[in-house]
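Q: mmCIF, C-alpha atoms (C1' of nucleotides), file data18.cif:
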data_coords
loop_
_atom_site.label_atom_id
_atom_site.label_comp_id
_atom_site.auth_asym_id
_atom_site.auth_seq_id
_atom_site.Cartn_x
_atom_site.Cartn_y
_atom_site.Cartn_z
CA MET M 1 0.00 0.00 0.00
CA ILE M 2 1.48 3.30 -1.08
CA GLY M 3 -0.15 5.34 1.62
CA GLN M 4 1.37 3.24 4.31
CA SER M 5 4.92 3.82 3.19
CA LEU M 6 4.27 7.54 2.98
CA PHE M 7 2.90 7.84 6.47
CA LYS M 8 5.67 5.71 7.81
CA ALA M 9 8.19 7.89 6.08
CA LEU M 10 6.66 10.99 7.62
CA ALA M 11 6.52 9.50 11.09
CA ASP M 12 10.18 10.08 11.84
CA PRO M 13 11.52 13.52 12.78
CA THR M 14 14.83 12.96 11.06
CA ARG M 15 13.10 12.19 7.80
CA ARG M 16 10.86 15.22 8.07
CA GLU M 17 13.90 17.34 8.65
CA ILE M 18 15.52 15.86 5.56
CA LEU M 19 12.49 16.87 3.52
CA ARG M 20 12.62 20.33 4.99
CA ILE M 21 16.26 20.66 4.09
CA LEU M 22 15.59 19.54 0.56
CA ARG M 23 13.09 22.32 0.10
CA ALA M 24 16.04 24.63 -0.29
CA GLY M 25 17.09 22.56 -3.29
CA SER M 26 18.70 19.29 -4.30
CA MET M 27 21.66 18.14 -2.30
CA PRO M 28 24.09 15.21 -2.26
CA ALA M 29 23.68 12.62 0.48
CA GLY M 30 26.85 13.65 2.22
CA ASP M 31 25.82 17.28 2.50
CA ILE M 32 22.49 16.31 3.95
CA ALA M 33 24.23 14.04 6.41
CA GLU M 34 26.19 16.98 7.81
CA HIS M 35 23.01 18.37 9.27
CA PHE M 36 22.61 15.35 11.52
CA PRO M 37 24.48 13.84 14.42
CA MET M 38 24.19 10.27 13.19
CA THR M 39 26.27 8.18 10.84
CA LYS M 40 25.92 8.26 7.09
CA ALA M 41 24.81 4.68 7.17
CA SER M 42 21.88 5.63 9.37
CA LEU M 43 21.00 8.51 7.10
CA SER M 44 21.15 6.21 4.15
CA HIS M 45 18.52 4.08 5.78
CA HIS M 46 16.28 7.13 6.11
CA PHE M 47 16.90 8.06 2.49
CA SER M 48 15.82 4.61 1.53
CA LEU M 49 12.48 4.95 3.29
CA LEU M 50 11.89 8.37 1.78
CA LYS M 51 12.58 6.95 -1.63
CA GLN M 52 10.28 4.04 -1.04
CA ALA M 53 7.56 6.53 -0.22
CA GLU M 54 8.48 8.39 -3.39
CA LEU M 55 9.00 11.55 -1.45
CA VAL M 56 12.46 12.02 -2.92
CA ARG M 57 14.25 11.18 -6.15
CA THR M 58 17.89 10.53 -6.77
CA GLU M 59 20.29 11.30 -9.54
CA ARG M 60 23.90 10.30 -9.68
CA ARG M 61 26.43 13.03 -10.31
CA GLY M 62 29.91 11.64 -10.42
CA GLN M 63 30.50 9.81 -7.22
CA GLN M 64 27.76 11.61 -5.42
CA ILE M 65 24.09 10.84 -5.26
CA VAL M 66 21.97 13.93 -5.33
CA TYR M 67 18.64 13.89 -3.57
CA SER M 68 15.72 16.10 -4.44
CA LEU M 69 12.12 16.39 -3.41
CA ASN M 70 9.66 14.59 -5.59
CA THR M 71 7.17 17.32 -6.28
CA THR M 72 3.83 15.69 -6.69
CA VAL M 73 0.41 16.17 -5.26
CA MET M 74 1.08 13.98 -2.29
CA GLN M 75 4.42 15.56 -1.72
CA ASP M 76 2.80 18.96 -1.63
CA ALA M 77 0.12 17.76 0.71
CA ALA M 78 2.72 16.32 3.01
CA GLY M 79 4.61 19.58 2.88
CA VAL M 80 1.59 21.60 3.80
CA LEU M 81 0.82 19.35 6.70
CA MET M 82 4.39 19.47 7.82
CA GLU M 83 4.58 23.21 7.82
CA LEU M 84 1.36 23.44 9.69
CA LEU M 85 2.60 21.38 12.53
CA ASP M 86 6.31 21.33 12.68
CA PRO M 87 7.03 25.01 12.23
CA PRO M 88 10.01 25.58 9.95
CA SER M 89 12.82 27.63 11.32
CA THR M 90 12.80 30.12 8.48
CA GLU M 91 9.44 30.67 6.94
CA VAL M 92 6.04 31.06 8.50
CA ASN M 93 2.62 30.25 7.22
CA HIS M 94 -0.04 32.91 7.57
CA ASP M 95 -3.02 31.08 6.29
CA ALA M 96 -4.36 29.59 9.50
CA LYS M 97 -7.67 31.39 9.48
CA ASN M 98 -10.26 29.17 11.02
CA ARG M 99 -10.07 27.58 14.41
CA MET N 1 6.51 18.42 20.16
CA ILE N 2 2.97 18.39 18.88
CA GLY N 3 3.87 17.52 15.35
CA GLN N 4 5.57 14.37 16.38
CA SER N 5 2.56 12.91 18.13
CA LEU N 6 0.43 13.73 15.13
CA PHE N 7 2.66 12.01 12.62
CA LYS N 8 3.03 9.06 14.88
CA ALA N 9 -0.71 8.85 15.23
CA LEU N 10 -1.11 8.89 11.47
CA ALA N 11 1.55 6.27 10.90
CA ASP N 12 -0.68 3.34 11.81
CA PRO N 13 -3.30 2.01 9.39
CA THR N 14 -5.70 1.09 12.16
CA ARG N 15 -5.66 4.62 13.46
CA ARG N 16 -6.18 6.10 10.03
CA GLU N 17 -9.14 3.81 9.57
CA ILE N 18 -10.54 4.97 12.90
CA LEU N 19 -10.34 8.55 11.70
CA ARG N 20 -12.02 7.60 8.46
CA ILE N 21 -14.82 5.92 10.34
CA LEU N 22 -15.30 8.95 12.52
CA ARG N 23 -15.87 11.10 9.50
CA ALA N 24 -19.33 9.64 9.36
CA GLY N 25 -19.95 11.10 12.78
CA SER N 26 -19.23 10.59 16.45
CA MET N 27 -19.31 7.06 17.75
CA PRO N 28 -18.81 5.26 21.04
CA ALA N 29 -15.62 3.30 21.53
CA GLY N 30 -17.41 -0.03 21.42
CA ASP N 31 -19.05 0.67 18.09
CA ILE N 32 -15.76 1.70 16.58
CA ALA N 33 -14.18 -1.44 17.93
CA GLU N 34 -16.64 -3.58 15.99
CA HIS N 35 -14.99 -2.52 12.76
CA PHE N 36 -11.75 -4.17 13.77
CA PRO N 37 -10.56 -7.69 14.40
CA MET N 38 -8.59 -6.82 17.52
CA THR N 39 -9.54 -6.54 21.16
CA LYS N 40 -11.08 -3.48 22.71
CA ALA N 41 -8.02 -3.05 24.83
CA SER N 42 -5.90 -2.75 21.73
CA LEU N 43 -8.29 -0.27 20.23
CA SER N 44 -8.22 1.71 23.42
CA HIS N 45 -4.51 2.05 23.02
CA HIS N 46 -5.02 3.46 19.55
CA PHE N 47 -7.66 5.86 20.84
CA SER N 48 -5.19 7.05 23.38
CA LEU N 49 -2.62 7.95 20.75
CA LEU N 50 -5.20 9.68 18.61
CA LYS N 51 -6.26 11.72 21.59
CA GLN N 52 -2.70 12.59 22.43
CA ALA N 53 -2.33 13.92 18.92
CA GLU N 54 -5.56 15.84 19.41
CA LEU N 55 -7.04 14.24 16.37
CA VAL N 56 -10.09 13.13 18.32
CA ARG N 57 -12.08 14.35 21.29
CA THR N 58 -14.11 12.40 23.79
CA GLU N 59 -17.31 12.98 25.62
CA ARG N 60 -18.85 10.67 28.14
CA ARG N 61 -22.47 9.68 27.58
CA GLY N 62 -23.69 7.41 30.30
CA GLN N 63 -21.35 4.50 30.45
CA GLN N 64 -20.07 5.04 26.96
CA ILE N 65 -17.31 7.24 25.75
CA VAL N 66 -18.11 8.88 22.48
CA TYR N 67 -15.30 9.71 20.12
CA SER N 68 -15.41 12.40 17.50
CA LEU N 69 -12.99 13.99 15.11
CA ASN N 70 -11.34 17.12 16.32
CA THR N 71 -11.93 19.38 13.38
CA THR N 72 -9.09 21.80 13.21
CA VAL N 73 -6.77 23.02 10.52
CA MET N 74 -4.33 20.21 11.06
CA GLN N 75 -7.09 17.67 11.25
CA ASP N 76 -8.41 18.79 7.91
CA ALA N 77 -4.96 18.73 6.40
CA ALA N 78 -4.46 15.24 7.69
CA GLY N 79 -7.80 14.25 6.26
CA VAL N 80 -7.00 15.63 2.84
CA LEU N 81 -3.67 13.91 2.81
CA MET N 82 -5.22 10.71 3.94
CA GLU N 83 -7.83 10.64 1.23
CA LEU N 84 -5.26 11.46 -1.38
CA LEU N 85 -3.16 8.50 -0.55
CA ASP N 86 -5.10 5.87 1.25
CA PRO N 87 -8.41 5.69 -0.57
CA PRO N 88 -11.07 4.44 1.81
CA SER N 89 -11.60 0.73 1.51
CA THR N 90 -14.68 0.39 3.63
CA GLU N 91 -16.84 3.12 2.24
CA VAL N 92 -18.23 5.39 4.88
CA ASN N 93 -20.10 8.46 3.77
CA HIS N 94 -20.02 11.53 1.64
CA ASP N 95 -21.49 14.34 3.63
CA ALA N 96 -19.23 14.98 6.57
CA LYS N 97 -17.61 17.99 4.98
CA ASN N 98 -18.32 20.99 7.06
CA ARG N 99 -19.09 21.83 10.63
"C1'" DA D 1 -24.77 -2.36 47.91
"C1'" DT D 2 -24.46 -5.74 44.11
"C1'" DT D 3 -24.37 -6.85 39.50
"C1'" DG D 4 -23.73 -5.88 34.62
"C1'" DT D 5 -21.89 -3.11 30.80
"C1'" DA D 6 -18.35 -0.06 28.68
"C1'" DT D 7 -13.86 1.32 28.65
"C1'" DT D 8 -9.18 1.82 30.19
"C1'" DT D 9 -4.83 0.34 32.48
"C1'" DA D 10 -1.12 -2.98 33.55
"C1'" DG D 11 1.99 -6.35 32.43
"C1'" DA D 12 3.89 -9.53 29.02
"C1'" DT D 13 5.49 -10.87 24.42
"C1'" DA D 14 6.48 -10.56 19.47
"C1'" DT D 15 7.60 -7.55 15.88
"C1'" DT D 16 9.36 -3.47 13.98
"C1'" DT D 17 12.38 0.49 13.88
"C1'" DC D 18 16.57 3.15 14.67
"C1'" DT D 19 21.18 3.24 15.15
"C1'" DC D 20 25.77 1.51 15.12
"C1'" DT D 21 30.18 -0.73 13.03
"C1'" DA D 22 32.12 -3.20 9.37
"C1'" DA D 23 32.09 -4.53 4.77
"C1'" DA D 24 30.61 -3.92 -0.06
"C1'" DT D 25 29.82 -1.18 -4.25
"C1'" DA D 26 30.45 2.62 -7.46
"C1'" DT D 27 32.96 6.29 -9.26
"C1'" DC D 28 37.00 9.25 -9.85
"C1'" DA D 29 41.98 10.29 -10.22
"C1'" DT D 30 46.35 8.82 -10.70
"C1'" DA E 1 45.18 -1.46 -11.77
"C1'" DT E 2 45.45 1.08 -7.23
"C1'" DG E 3 43.92 4.10 -4.04
"C1'" DA E 4 40.67 7.68 -2.43
"C1'" DT E 5 35.96 9.37 -1.85
"C1'" DA E 6 30.81 8.81 -1.57
"C1'" DT E 7 27.19 5.99 -0.60
"C1'" DT E 8 24.77 1.76 0.40
"C1'" DT E 9 24.16 -2.90 2.41
"C1'" DA E 10 24.56 -6.40 6.07
"C1'" DG E 11 24.30 -7.81 10.62
"C1'" DA E 12 23.51 -6.86 15.47
"C1'" DG E 13 21.72 -4.60 19.63
"C1'" DA E 14 18.61 -1.34 21.96
"C1'" DA E 15 14.37 0.96 22.04
"C1'" DA E 16 9.68 1.62 20.56
"C1'" DT E 17 5.21 -0.34 19.06
"C1'" DA E 18 1.14 -3.35 18.60
"C1'" DT E 19 -1.21 -6.79 20.46
"C1'" DC E 20 -2.90 -9.96 23.90
"C1'" DT E 21 -5.04 -11.44 28.61
"C1'" DA E 22 -6.29 -10.13 33.07
"C1'" DA E 23 -7.43 -6.71 36.26
"C1'" DA E 24 -9.16 -2.08 37.38
"C1'" DT E 25 -12.31 1.84 36.94
"C1'" DA E 26 -16.65 4.30 35.92
"C1'" DC E 27 -21.31 4.36 35.41
"C1'" DA E 28 -26.22 2.30 35.31
"C1'" DA E 29 -29.87 -0.47 36.99
"C1'" DT E 30 -31.65 -3.22 40.08
#
Starting from the file, lay out its structure as structure tokens.
A:
Amino acid sequence: MIGQSLFKALADPTRREILRILRAGSMPAGDIAEHFPMTKASLSHHFSLLKQAELVRTERRGQQIVYSLNTTVMQDAAGVLMELLDPPSTEVNHDAKNR
Amino acid sequence: MIGQSLFKALADPTRREILRILRAGSMPAGDIAEHFPMTKASLSHHFSLLKQAELVRTERRGQQIVYSLNTTVMQDAAGVLMELLDPPSTEVNHDAKNR
DNA sequence: ATTGTATTTAGATATTTCTCTAAATATCAT
DNA sequence: ATGATATTTAGAGAAATATCTAAATACAAT
């Protein structure tokens, strides 16, 4: 089930942070890894789940593997939800009218 | 962090199905439980996580505890995302849009 | 107060998930 | 081909999760 892998992918804070980082643009695995205090092997595992959920795509460039957001409807929806709840450090949403 | 409990709540298929069921309207715990092949104790655990994420509210009515969706911005976003990805298997209803 | 119904809590177990280290693979540069 | 760099895969251990049974709590009706 595709939905399941997406929700599972979104359930981990590290993976959500990866997605947030990728909003700034594509980035090789190693550069992404520098944002986190865990090993590259662990990050690779997270990349794998994000890919399985089709939230990111990869492209090889020389010896690096560049990750980028997969911009689709579901990706956007996930992004909206994420911003709503896990406020990004930089940008703020001002569309929270009802409630 | 509030976001974390929400994503965790959404990560489980049983809990997403509970939310889907509740779209049709409020329902006591026991009635919800009938939709699932697990014990009421297990369901209660799921209710607890949904409540923690503030995705549902409860109201006591006699000896029953009635669950209902907590309709907020994030709830709606979650609902949209959910329908996009995890099309409802057990059809519920069509008219629980506003309120 | 006792009994019955609805739900939750506690404790236990099996499975899954996250993280690590070590090894494997792929590419680049000599 | 050899060695260096970037990333992934494999295997293992610790922590979290889902589920169960049994017991506890809350209310209702006698």
Q: Check every residue of chain E for an atom within 8 Å of chain N, counting only C-alpha atoms (C1' of nucleotides), and provide those that qualify as a ChimeraX atom specification.
A: /E:18-20,26-28
Q: If you apply the PyMOL selection byres ((chain E and resi 10) around 9) to this file, what residues do you get, as a PyMOL selection string?
A: (chain D and resi 22-24) or (chain E and resi 9+11)
Q: Pull out every residue of chain D sitting within 8 Å of chain N, counting all atoms listed in the file, and send them as a list in words.
A: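 Result: DT5, DA6, DT7 and DT8 of chain D.
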Q: Choose the residue, out of M:Glu59, M:Ser68, M:Asp31, M:Ala53, that has the smallest atom-to-atom separation from chain N; count all atoms listed in the file.
A: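 Ranking M:Glu59, M:Ser68, M:Asp31, M:Ala53 by distance to chain N, first place goes to M:Ala53.
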Q: Name the closest residue to chain M among the candidates N:Arg20, N:Ile32, N:Thr72, N:Thr14; distances are taken between atoms, counting all atoms listed in the file.
A: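 When distances to chain M are compared using all atoms listed in the file, the smallest one comes from N:Thr72.
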Q: Identify which of the residues N:Asn70, N:Leu6, N:Glu54, N:Ala11 lies closest to chain M, counting only C-alpha atoms when measuring atom-to-atom distances.
A: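 For chain M, the nearest of the candidates is N:Ala11.
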Q: Decode the PyMOL selection byres ((chain E and resi 17) around 10) for the given file into explicit residues and return them as a ChimeraX atom specification.
A: /D:15-17 /E:15-16,18-19
Q: Once the PyMOL selection byres ((chain E and resi 2) around 12) is applied to the coordinates I shared, what remains selected? I want it as number ranges by chain.
A: D: 29-30; E: 1, 3-4
Q: Could you state the separation of C1' of DG11 in chain D and C1' of DT25 in chain E in Å, given to one decimal place?
A: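 Distance reported for this atom pair: 17.1 Å.
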Q: In Å, with one decimal, what is the gap from CA of Pro13 in chain N to CA of Lys8 in chain M?
A: 9.8 Å
Q: Counting only C-alpha atoms (C1' of nucleotides), find the residues whose atoms lie at most 9 Å from (-13.2, 11.1, 11.6) (file coordinates) and write them out as a PyMOL selection string.
A: chain N and resi 16-26+55-56+67-71+75+79+96
Q: Using only C-alpha atoms, which of the listed residues (N:Met27, N:Leu50, N:Ala33, N:Leu10) sits closest to chain M?
A: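 Going through N:Met27, N:Leu50, N:Ala33, N:Leu10 one by one, the smallest distance to chain M is for N:Leu10.
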Q: Could you tell me how far CA of Ser5 in chain M sits from C1' of DA6 in chain E, in Å to one decimal place?
A: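 A separation of 26.8 Å between them.
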Q: Counting only C-alpha atoms, which of M:His35, M:Arg57, M:Phe47, M:Ala9 gets nearest to chain N?
A: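 Selected residue with least distance to chain N: M:Ala9.
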